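This is data12.cif (mmCIF, C-alpha atoms, pLDDT in the B column; chains and numbers go by the auth columns).
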```
data_upload
#
loop_
_atom_site.group_PDB
_atom_site.id
_atom_site.type_symbol
_atom_site.label_atom_id
_atom_site.label_comp_id
_atom_site.label_asym_id
_atom_site.label_seq_id
_atom_site.Cartn_x
_atom_site.Cartn_y
_atom_site.Cartn_z
_atom_site.B_iso_or_equiv
_atom_site.auth_seq_id
_atom_site.auth_asym_id
ATOM 1 C CA MET A 1 -177.203 37.955 12.953 55.00 1 A
ATOM 2 C CA SER A 2 -179.602 40.877 13.228 57.00 2 A
ATOM 3 C CA GLY A 3 -180.467 43.498 10.640 56.00 3 A
ATOM 4 C CA THR A 4 -182.661 46.503 9.919 60.00 4 A
ATOM 5 C CA PRO A 5 -184.809 47.308 6.882 56.00 5 A
ATOM 6 C CA GLN A 6 -183.074 47.575 3.541 57.00 6 A
ATOM 7 C CA SER A 7 -180.944 50.548 2.627 60.00 7 A
ATOM 8 C CA ALA A 8 -181.249 52.561 -0.568 59.00 8 A
ATOM 9 C CA SER A 9 -179.020 50.001 -2.242 65.00 9 A
ATOM 10 C CA GLY A 10 -181.532 47.285 -1.427 76.00 10 A
ATOM 11 C CA LYS A 11 -179.214 45.541 1.037 85.00 11 A
ATOM 12 C CA VAL A 12 -180.096 44.614 4.620 90.00 12 A
ATOM 13 C CA MET A 13 -178.095 46.763 7.041 91.00 13 A
ATOM 14 C CA LEU A 14 -176.779 44.426 9.713 92.00 14 A
ATOM 15 C CA LYS A 15 -176.546 45.731 13.276 95.00 15 A
ATOM 16 C CA ILE A 16 -175.331 42.546 15.036 95.00 16 A
ATOM 17 C CA LEU A 17 -173.122 39.784 13.649 92.00 17 A
ATOM 18 C CA GLU A 18 -171.630 36.679 15.286 90.00 18 A
ATOM 19 C CA VAL A 19 -168.974 34.534 13.642 83.00 19 A
ATOM 20 C CA GLY A 20 -169.409 31.244 15.431 75.00 20 A
ATOM 21 C CA PHE A 21 -167.804 27.858 15.753 62.00 21 A
ATOM 22 C CA PRO A 22 -166.809 25.746 13.840 56.00 22 A
ATOM 23 C CA ALA A 23 -164.352 27.901 11.993 49.00 23 A
ATOM 24 C CA LEU A 24 -164.858 29.237 8.502 51.00 24 A
ATOM 25 C CA GLY A 25 -161.576 27.633 7.493 55.00 25 A
ATOM 26 C CA ASN A 26 -159.510 29.773 5.144 61.00 26 A
ATOM 27 C CA HIS A 27 -162.509 31.558 3.667 71.00 27 A
ATOM 28 C CA PRO A 28 -162.369 35.265 4.614 74.00 28 A
ATOM 29 C CA MET A 29 -165.540 36.971 5.773 77.00 29 A
ATOM 30 C CA ALA A 30 -165.199 40.419 4.238 82.00 30 A
ATOM 31 C CA PRO A 31 -165.730 39.408 0.567 79.00 31 A
ATOM 32 C CA TRP A 32 -169.177 38.084 1.475 79.00 32 A
ATOM 33 C CA PHE A 33 -170.220 41.680 2.163 84.00 33 A
ATOM 34 C CA GLN A 34 -168.139 43.351 -0.539 82.00 34 A
ATOM 35 C CA MET A 35 -169.500 41.437 -3.516 82.00 35 A
ATOM 36 C CA PRO A 36 -171.981 43.489 -5.588 80.00 36 A
ATOM 37 C CA TYR A 37 -174.664 40.806 -5.294 80.00 37 A
ATOM 38 C CA SER A 38 -174.330 40.369 -1.524 84.00 38 A
ATOM 39 C CA PRO A 39 -177.696 41.048 0.170 88.00 39 A
ATOM 40 C CA LEU A 40 -176.006 42.260 3.368 87.00 40 A
ATOM 41 C CA ASP A 41 -174.250 45.476 4.380 91.00 41 A
ATOM 42 C CA VAL A 42 -172.103 45.721 7.548 92.00 42 A
ATOM 43 C CA SER A 43 -171.180 49.394 7.294 92.00 43 A
ATOM 44 C CA GLN A 44 -173.606 50.188 10.164 94.00 44 A
ATOM 45 C CA LEU A 45 -172.716 47.165 12.285 95.00 45 A
ATOM 46 C CA ARG A 46 -172.922 47.990 15.995 97.00 46 A
ATOM 47 C CA ARG A 47 -171.863 44.695 17.580 97.00 47 A
ATOM 48 C CA LEU A 48 -169.448 42.037 16.306 96.00 48 A
ATOM 49 C CA THR A 49 -168.799 38.768 18.132 95.00 49 A
ATOM 50 C CA VAL A 50 -166.041 36.447 16.918 91.00 50 A
ATOM 51 C CA SER A 51 -166.538 33.318 19.018 86.00 51 A
ATOM 52 C CA ASP A 52 -164.224 31.167 16.906 81.00 52 A
ATOM 53 C CA PRO A 53 -160.675 31.147 18.399 78.00 53 A
ATOM 54 C CA TYR A 54 -159.294 29.803 15.115 78.00 54 A
ATOM 55 C CA CYS A 55 -160.501 32.737 13.027 82.00 55 A
ATOM 56 C CA PRO A 56 -157.422 34.226 11.278 82.00 56 A
ATOM 57 C CA VAL A 57 -156.498 37.714 12.426 87.00 57 A
ATOM 58 C CA SER A 58 -156.478 38.972 8.837 87.00 58 A
ATOM 59 C CA HIS A 59 -160.148 37.967 8.491 87.00 59 A
ATOM 60 C CA ILE A 60 -161.054 39.909 11.624 90.00 60 A
ATOM 61 C CA ASP A 61 -159.128 42.966 10.444 92.00 61 A
ATOM 62 C CA ASP A 62 -160.861 42.898 7.059 91.00 62 A
ATOM 63 C CA ILE A 63 -164.331 42.894 8.588 92.00 63 A
ATOM 64 C CA LEU A 64 -163.371 45.641 11.074 95.00 64 A
ATOM 65 C CA VAL A 65 -162.413 47.909 8.186 94.00 65 A
ATOM 66 C CA LEU A 66 -165.913 47.576 6.762 93.00 66 A
ATOM 67 C CA CYS A 67 -167.683 48.506 10.013 95.00 67 A
ATOM 68 C CA SER A 68 -165.106 50.748 11.679 96.00 68 A
ATOM 69 C CA ASN A 69 -167.205 53.921 11.593 95.00 69 A
ATOM 70 C CA ALA A 70 -170.152 52.383 13.452 97.00 70 A
ATOM 71 C CA LEU A 71 -168.884 49.503 15.626 98.00 71 A
ATOM 72 C CA GLU A 72 -169.525 49.990 19.335 98.00 72 A
ATOM 73 C CA GLU A 73 -169.066 46.481 20.766 98.00 73 A
ATOM 74 C CA LEU A 74 -166.435 43.869 19.916 98.00 74 A
ATOM 75 C CA ASP A 75 -166.243 40.415 21.514 97.00 75 A
ATOM 76 C CA PHE A 76 -163.443 38.047 20.483 93.00 76 A
ATOM 77 C CA GLN A 77 -161.706 34.842 21.540 90.00 77 A
ATOM 78 C CA VAL A 78 -158.021 34.279 22.303 85.00 78 A
ATOM 79 C CA ASP A 79 -156.540 30.796 22.470 70.00 79 A
ATOM 80 C CA LEU A 80 -152.819 30.697 21.772 60.00 80 A
ATOM 81 C CA PHE A 81 -152.668 27.165 23.198 54.00 81 A
ATOM 82 C CA ALA A 82 -155.170 25.814 20.690 50.00 82 A
ATOM 83 C CA ASN A 83 -153.906 23.101 18.393 42.00 83 A
ATOM 84 C CA ARG A 84 -153.040 25.369 15.509 45.00 84 A
ATOM 85 C CA LEU A 85 -149.626 25.791 13.969 39.00 85 A
ATOM 86 C CA PRO A 86 -147.875 27.935 12.984 42.00 86 A
ATOM 87 C CA LEU A 87 -148.865 30.401 15.679 48.00 87 A
ATOM 88 C CA ASP A 88 -150.049 33.686 14.184 53.00 88 A
ATOM 89 C CA ASP A 89 -147.866 36.572 15.383 61.00 89 A
ATOM 90 C CA LYS A 90 -150.464 39.207 14.519 81.00 90 A
ATOM 91 C CA THR A 91 -153.133 40.626 16.793 88.00 91 A
ATOM 92 C CA PRO A 92 -156.355 42.283 15.630 91.00 92 A
ATOM 93 C CA ASN A 93 -155.831 45.945 14.804 94.00 93 A
ATOM 94 C CA LEU A 94 -158.462 48.093 16.523 97.00 94 A
ATOM 95 C CA GLY A 95 -156.915 51.370 15.369 97.00 95 A
ATOM 96 C CA SER A 96 -159.930 52.442 13.318 96.00 96 A
ATOM 97 C CA LEU A 97 -162.617 51.780 15.963 98.00 97 A
ATOM 98 C CA ARG A 98 -163.205 55.325 17.190 97.00 98 A
ATOM 99 C CA ASN A 99 -166.732 54.622 18.469 98.00 99 A
ATOM 100 C CA LEU A 100 -165.920 51.437 20.373 98.00 100 A
ATOM 101 C CA SER A 101 -167.419 51.510 23.863 98.00 101 A
ATOM 102 C CA HIS A 102 -167.298 47.867 24.996 98.00 102 A
ATOM 103 C CA LEU A 103 -164.493 45.383 24.323 98.00 103 A
ATOM 104 C CA THR A 104 -164.670 41.770 25.516 98.00 104 A
ATOM 105 C CA ALA A 105 -161.699 39.413 25.254 96.00 105 A
ATOM 106 C CA ARG A 106 -162.280 35.756 26.138 94.00 106 A
ATOM 107 C CA THR A 107 -159.600 33.201 26.869 91.00 107 A
ATOM 108 C CA CYS A 108 -159.164 29.741 28.337 87.00 108 A
ATOM 109 C CA ILE A 109 -156.089 29.436 30.552 82.00 109 A
ATOM 110 C CA ARG A 110 -155.084 25.806 31.006 76.00 110 A
ATOM 111 C CA GLY A 111 -152.908 24.579 33.820 68.00 111 A
ATOM 112 C CA TYR A 112 -150.677 22.362 31.720 53.00 112 A
ATOM 113 C CA PRO A 113 -148.720 25.065 29.842 45.00 113 A
ATOM 114 C CA TYR A 114 -147.872 26.832 33.087 45.00 114 A
ATOM 115 C CA GLN A 115 -146.396 23.637 34.513 48.00 115 A
ATOM 116 C CA GLN A 116 -143.995 23.655 31.564 43.00 116 A
ATOM 117 C CA PRO A 117 -143.482 27.350 30.782 41.00 117 A
ATOM 118 C CA THR A 118 -140.869 26.655 28.118 37.00 118 A
ATOM 119 C CA ILE A 119 -143.487 25.180 25.766 38.00 119 A
ATOM 120 C CA ARG A 120 -144.395 28.631 24.435 44.00 120 A
ATOM 121 C CA GLU A 121 -143.021 32.066 25.114 44.00 121 A
ATOM 122 C CA LYS A 122 -146.357 33.667 24.210 58.00 122 A
ATOM 123 C CA ASN A 123 -149.407 33.823 26.392 82.00 123 A
ATOM 124 C CA ASP A 124 -152.984 34.953 26.043 87.00 124 A
ATOM 125 C CA LEU A 125 -152.718 37.796 28.566 92.00 125 A
ATOM 126 C CA SER A 126 -149.850 39.439 26.675 91.00 126 A
ATOM 127 C CA TYR A 127 -151.836 38.996 23.466 91.00 127 A
ATOM 128 C CA ILE A 128 -154.792 40.858 24.995 94.00 128 A
ATOM 129 C CA ALA A 129 -152.425 43.615 26.138 96.00 129 A
ATOM 130 C CA ALA A 130 -151.144 43.998 22.560 94.00 130 A
ATOM 131 C CA VAL A 131 -154.720 44.247 21.269 95.00 131 A
ATOM 132 C CA LEU A 132 -155.474 47.024 23.778 97.00 132 A
ATOM 133 C CA LYS A 133 -152.403 48.960 22.663 97.00 133 A
ATOM 134 C CA SER A 134 -153.764 49.004 19.100 97.00 134 A
ATOM 135 C CA LEU A 135 -156.799 51.091 20.141 98.00 135 A
ATOM 136 C CA PRO A 136 -157.068 54.615 18.622 97.00 136 A
ATOM 137 C CA PHE A 137 -156.405 56.470 21.866 97.00 137 A
ATOM 138 C CA ASN A 138 -155.922 59.801 20.065 96.00 138 A
ATOM 139 C CA SER A 139 -159.550 59.559 18.901 97.00 139 A
ATOM 140 C CA LEU A 140 -161.195 58.240 22.073 97.00 140 A
ATOM 141 C CA ARG A 141 -162.988 60.219 24.762 97.00 141 A
ATOM 142 C CA PRO A 142 -161.949 59.923 28.419 97.00 142 A
ATOM 143 C CA GLN A 143 -163.553 56.879 30.042 97.00 143 A
ATOM 144 C CA GLN A 144 -165.106 55.849 26.742 98.00 144 A
ATOM 145 C CA LEU A 145 -164.218 52.164 26.884 98.00 145 A
ATOM 146 C CA ARG A 146 -165.435 49.386 29.153 98.00 146 A
ATOM 147 C CA ILE A 147 -163.342 46.210 29.012 98.00 147 A
ATOM 148 C CA ASP A 148 -164.294 42.697 30.073 98.00 148 A
ATOM 149 C CA ILE A 149 -161.584 40.044 30.213 98.00 149 A
ATOM 150 C CA VAL A 150 -163.388 36.723 30.517 96.00 150 A
ATOM 151 C CA MET A 151 -161.167 33.852 31.630 94.00 151 A
ATOM 152 C CA TRP A 152 -161.882 30.154 31.968 91.00 152 A
ATOM 153 C CA ILE A 153 -159.216 28.741 34.284 89.00 153 A
ATOM 154 C CA VAL A 154 -158.962 24.992 33.736 85.00 154 A
ATOM 155 C CA LEU A 155 -157.008 22.631 36.009 81.00 155 A
ATOM 156 C CA LEU A 156 -154.572 25.220 37.307 85.00 156 A
ATOM 157 C CA PRO A 157 -152.465 23.519 40.008 84.00 157 A
ATOM 158 C CA ASP A 158 -152.411 25.231 43.417 87.00 158 A
ATOM 159 C CA PHE A 159 -155.024 27.683 42.175 89.00 159 A
ATOM 160 C CA ASP A 160 -154.943 30.034 45.185 91.00 160 A
ATOM 161 C CA THR A 161 -151.232 30.678 44.634 91.00 161 A
ATOM 162 C CA ASN A 162 -150.729 30.324 40.893 90.00 162 A
ATOM 163 C CA LEU A 163 -153.607 32.474 39.667 92.00 163 A
ATOM 164 C CA ALA A 164 -151.782 35.602 40.831 95.00 164 A
ATOM 165 C CA LEU A 165 -148.546 34.242 39.316 92.00 165 A
ATOM 166 C CA LEU A 166 -149.858 33.949 35.752 92.00 166 A
ATOM 167 C CA PRO A 167 -147.997 36.251 33.309 92.00 167 A
ATOM 168 C CA TRP A 168 -150.053 39.363 34.023 95.00 168 A
ATOM 169 C CA SER A 169 -147.222 41.897 33.608 95.00 169 A
ATOM 170 C CA ASP A 170 -147.885 43.075 30.023 95.00 170 A
ATOM 171 C CA LEU A 171 -151.593 43.529 30.701 97.00 171 A
ATOM 172 C CA ILE A 172 -150.907 45.404 33.938 98.00 172 A
ATOM 173 C CA SER A 173 -148.443 47.686 32.136 98.00 173 A
ATOM 174 C CA VAL A 174 -151.043 48.718 29.559 98.00 174 A
ATOM 175 C CA LEU A 175 -153.830 49.264 32.090 98.00 175 A
ATOM 176 C CA ASP A 176 -151.537 51.278 34.365 97.00 176 A
ATOM 177 C CA ASP A 177 -150.025 53.380 31.563 97.00 177 A
ATOM 178 C CA GLU A 178 -151.086 57.038 31.916 95.00 178 A
ATOM 179 C CA ARG A 179 -151.255 57.325 28.117 95.00 179 A
ATOM 180 C CA PHE A 180 -154.074 54.753 28.050 97.00 180 A
ATOM 181 C CA SER A 181 -155.703 54.387 31.468 96.00 181 A
ATOM 182 C CA SER A 182 -157.813 57.566 31.304 97.00 182 A
ATOM 183 C CA PHE A 183 -159.757 56.135 28.353 98.00 183 A
ATOM 184 C CA PHE A 184 -160.839 53.037 30.280 98.00 184 A
ATOM 185 C CA LEU A 185 -164.098 53.409 32.197 97.00 185 A
ATOM 186 C CA LYS A 186 -163.832 50.021 33.917 97.00 186 A
ATOM 187 C CA VAL A 187 -161.930 46.782 33.462 98.00 187 A
ATOM 188 C CA ASP A 188 -163.563 43.646 34.840 98.00 188 A
ATOM 189 C CA LEU A 189 -161.738 40.320 35.187 97.00 189 A
ATOM 190 C CA LYS A 190 -164.471 37.683 34.963 96.00 190 A
ATOM 191 C CA ILE A 191 -163.121 34.330 36.069 95.00 191 A
ATOM 192 C CA ARG A 192 -164.726 30.905 35.797 92.00 192 A
ATOM 193 C CA ARG A 193 -162.810 28.102 37.495 90.00 193 A
ATOM 194 C CA PHE A 194 -162.819 24.419 36.570 86.00 194 A
ATOM 195 C CA GLU A 195 -161.195 21.546 38.425 80.00 195 A
ATOM 196 C CA TYR A 196 -161.202 17.812 37.745 68.00 196 A
ATOM 197 C CA ASP A 197 -163.173 15.231 39.694 62.00 197 A
ATOM 198 C CA LEU A 198 -163.717 12.324 37.288 53.00 198 A
ATOM 199 C CA ARG A 199 -164.781 15.073 34.899 62.00 199 A
ATOM 200 C CA SER A 200 -164.352 18.809 34.545 64.00 200 A
ATOM 201 C CA VAL A 201 -166.295 20.524 37.350 72.00 201 A
ATOM 202 C CA HIS A 202 -167.177 24.190 37.673 78.00 202 A
ATOM 203 C CA VAL A 203 -166.060 25.654 41.015 82.00 203 A
ATOM 204 C CA ASN A 204 -168.034 28.656 42.250 82.00 204 A
ATOM 205 C CA MET A 205 -165.829 31.660 43.006 87.00 205 A
ATOM 206 C CA THR A 206 -167.075 34.712 44.892 88.00 206 A
ATOM 207 C CA SER A 207 -165.679 38.147 44.230 88.00 207 A
ATOM 208 C CA THR A 208 -164.382 38.189 47.811 91.00 208 A
ATOM 209 C CA ALA A 209 -162.459 34.955 47.275 92.00 209 A
ATOM 210 C CA LEU A 210 -160.987 36.260 44.030 94.00 210 A
ATOM 211 C CA LEU A 211 -159.943 39.474 45.735 95.00 211 A
ATOM 212 C CA SER A 212 -157.949 37.590 48.378 95.00 212 A
ATOM 213 C CA ILE A 213 -156.241 35.535 45.642 96.00 213 A
ATOM 214 C CA LEU A 214 -155.562 38.131 42.949 97.00 214 A
ATOM 215 C CA ASP A 215 -154.518 40.859 45.383 97.00 215 A
ATOM 216 C CA LYS A 216 -151.406 38.768 45.998 97.00 216 A
ATOM 217 C CA ASN A 217 -150.256 40.283 42.720 97.00 217 A
ATOM 218 C CA GLU A 218 -149.213 43.834 43.586 98.00 218 A
ATOM 219 C CA GLY A 219 -149.866 45.133 40.085 98.00 219 A
ATOM 220 C CA LEU A 220 -153.442 43.860 40.022 98.00 220 A
ATOM 221 C CA LYS A 221 -154.017 45.092 43.576 98.00 221 A
ATOM 222 C CA LYS A 222 -152.819 48.588 42.650 98.00 222 A
ATOM 223 C CA LEU A 223 -155.224 48.747 39.689 98.00 223 A
ATOM 224 C CA ARG A 224 -158.104 47.557 41.866 98.00 224 A
ATOM 225 C CA GLU A 225 -157.360 50.094 44.588 97.00 225 A
ATOM 226 C CA LYS A 226 -157.304 52.853 41.940 96.00 226 A
ATOM 227 C CA GLY A 227 -160.874 51.862 41.051 97.00 227 A
ATOM 228 C CA LEU A 228 -160.037 50.773 37.516 97.00 228 A
ATOM 229 C CA LEU A 229 -160.057 46.988 37.957 98.00 229 A
ATOM 230 C CA SER A 230 -162.624 44.655 39.457 97.00 230 A
ATOM 231 C CA TYR A 231 -162.827 40.873 39.871 96.00 231 A
ATOM 232 C CA THR A 232 -165.954 38.817 39.227 95.00 232 A
ATOM 233 C CA GLY A 233 -166.493 35.083 39.635 93.00 233 A
ATOM 234 C CA TYR A 234 -169.175 33.448 37.554 87.00 234 A
#
```

Taking this structure as input, can you express it in the form of structure tokens?
Amino acid sequence: MSGTPQSASGKVMLKILEVGFPALGNHPMAPWFQMPYSPLDVSQLRRLTVSDPYCPVSHIDDILVLCSNALEELDFQVDLFANRLPLDDKTPNLGSLRNLSHLTARTCIRGYPYQQPTIREKNDLSYIAAVLKSLPFNSLRPQQLRIDIVMWIVLLPDFDTNLALLPWSDLISVLDDERFSSFFLKVDLKIRRFEYDLRSVHVNMTSTALLSILDKNEGLKKLREKGLLSYTGY
């Protein structure tokens, strides 16, 4: 949490806020800043990070309303395979974020659900696509928005084949849609791979290796060749 000197109201004007883990439970964030005696003001917030995958969507939406005129960077977690039921059908609504310039969506893709695809019809990549569609495209400038999709890939069987076979189609459709694509400056897939050898082990992935794997998906390859999409291992 980072702030600037007090405003005329005597409150500290926050510029950076992170909602971390563990979760806040069922206690919404927005009332903390709306109460008359709150010492903090988020109306000029520039960067919001929600690193708790369990944070209810309604809580995120409420805080976005309070900082919508100023927010430039949003970083949030997606984990539809987390142990939380019932699964929330909503996605964060970014429709008021006219000044947003950098959006980061983080997810952990686990191998197990893709071995049994009937477990859930939903997936994190489609969820991210739905979030992107909520952006206020009528109010954005061309190439205003940089997007990072940060993925931890954990124990995915036959990685070199199955990474390109993950359910990318909804995300590809949004990124390739002429109504939206002109507003994206760059989209970077940042992938961190983990395998199991007595314990979870990070496997280094070069951008060249990722290119040879992900280009097996024609939709991703087309976006990369257009200069919109890039792959990064980390």

One-decimal distance in Å that lies between CA of Arg192 (chain A) and CA of Val154 (chain A): 8.5 Å

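Selection result for the displayed file, with the PyMOL selection byres ((chain A and resi 204) around 12) as criterion, is Ile153, Ile191, Arg192, Arg193, Phe194, Glu195, Val201, His202, Val203, Met205, Thr206, Ser207, Thr208, Ala209, Leu210, Thr232, Gly233 and Tyr234 of chain A.
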
Contact residues around Pro53 (chain A) with all atoms listed in the file at 7 Å, ignoring same-chain residues under 4 positions, as a list of chain:residue names: A:Gln77, A:Val78, A:Asp79

Residues within 6 Å of Ser134 (chain A), all atoms listed in the file, excluding chain neighbours under 5 positions, as JSON, numbers by chain: {"A": [93, 94, 95]}

Selected residues, C-alpha atoms, written as a PDB file, keeping the file's coordinate frame, please.
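Resulting contents of selection.pdb:
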```
ATOM      1  CA  ASN A  93    -155.831  45.945  14.804  1.00 94.00           C
ATOM      2  CA  LEU A  94    -158.462  48.093  16.523  1.00 97.00           C
ATOM      3  CA  GLY A  95    -156.915  51.370  15.369  1.00 97.00           C
TER       4      GLY A  95
END
```

Distance query 8 Å from (-165.8, 32.0, 30.3) using all atoms listed in the file, result as a VMD selection string: chain A and resid 106 to 108 150 to 152 190 to 192

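We find CA of Leu189 (chain A) and CA of Leu229 (chain A) to be spaced 7.4 Å apart.
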
Leu48 (chain A) environment, 9 Å, all atoms listed in the file, sequence neighbours closer than 3 positions dropped, as a ChimeraX atom specification: /A:15-19,45,64,71-76

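Distance-wise, CA of Tyr54 (chain A) and CA of Asn99 (chain A) end up 26.1 Å apart.
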
Picked residues, the PyMOL selection byres ((chain A and resi 143-146) around 12), as JSON, numbers by chain: {"A": [72, 73, 74, 75, 97, 98, 99, 100, 101, 102, 103, 104, 105, 132, 135, 136, 137, 139, 140, 141, 142, 147, 148, 149, 175, 180, 181, 182, 183, 184, 185, 186, 187, 188, 189, 228, 229, 230]}

What does the file look like for those residues with C-alpha atoms, as a compact mmCIF listing (two decimals), in the coordinates of the input?
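Result went into again.txt, see below:
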```txt
# COMPACT_ATOMS: atom_id res chain seq x y z
CA GLU A 72 -169.52 49.99 19.34
CA GLU A 73 -169.07 46.48 20.77
CA LEU A 74 -166.44 43.87 19.92
CA ASP A 75 -166.24 40.42 21.51
CA LEU A 97 -162.62 51.78 15.96
CA ARG A 98 -163.21 55.32 17.19
CA ASN A 99 -166.73 54.62 18.47
CA LEU A 100 -165.92 51.44 20.37
CA SER A 101 -167.42 51.51 23.86
CA HIS A 102 -167.30 47.87 25.00
CA LEU A 103 -164.49 45.38 24.32
CA THR A 104 -164.67 41.77 25.52
CA ALA A 105 -161.70 39.41 25.25
CA LEU A 132 -155.47 47.02 23.78
CA LEU A 135 -156.80 51.09 20.14
CA PRO A 136 -157.07 54.62 18.62
CA PHE A 137 -156.40 56.47 21.87
CA SER A 139 -159.55 59.56 18.90
CA LEU A 140 -161.20 58.24 22.07
CA ARG A 141 -162.99 60.22 24.76
CA PRO A 142 -161.95 59.92 28.42
CA ILE A 147 -163.34 46.21 29.01
CA ASP A 148 -164.29 42.70 30.07
CA ILE A 149 -161.58 40.04 30.21
CA LEU A 175 -153.83 49.26 32.09
CA PHE A 180 -154.07 54.75 28.05
CA SER A 181 -155.70 54.39 31.47
CA SER A 182 -157.81 57.57 31.30
CA PHE A 183 -159.76 56.14 28.35
CA PHE A 184 -160.84 53.04 30.28
CA LEU A 185 -164.10 53.41 32.20
CA LYS A 186 -163.83 50.02 33.92
CA VAL A 187 -161.93 46.78 33.46
CA ASP A 188 -163.56 43.65 34.84
CA LEU A 189 -161.74 40.32 35.19
CA LEU A 228 -160.04 50.77 37.52
CA LEU A 229 -160.06 46.99 37.96
CA SER A 230 -162.62 44.66 39.46
```

Take every atom of region 89-102 of chain A listed in the file, pad by 3 Å on each side, and give me the axis-aligned box centre and edge lengths in Å, one decimal, as lines of an AutoDock Vina configuration file.
```
center_x = -157.6
center_y = 45.9
center_z = 19.2
size_x = 25.6
size_y = 24.8
size_z = 17.7
```

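For region 28-30 of chain A, the non-local neighbours within 7 Å, defined as residues at least 4 positions apart in the same chain or in other chains and counting only C-alpha atoms, are Gln34, His59, Asp62 and Ile63 of chain A.
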
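Using only C-alpha atoms, the shortest contact distance between Glu218 (chain A) and any of A:Ala130, A:Tyr231, A:Ser169, A:Arg179 is found at A:Ser169.
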
The PyMOL selection byres ((chain A and resi 164-168) around 10) resolved against shown file, as a VMD selection string: chain A and resid 109 114 122 to 126 129 159 to 163 169 to 173 210 212 to 220

Pick from A:Lys90, A:Asp177, A:Leu223, A:Gly20 nearest to Val50 (chain A), counting all atoms listed in the file: A:Gly20

Proximity to Ser58 (chain A) - best of A:Lys222, A:His27, A:Arg46, A:Lys11, all atoms listed in the file: A:His27
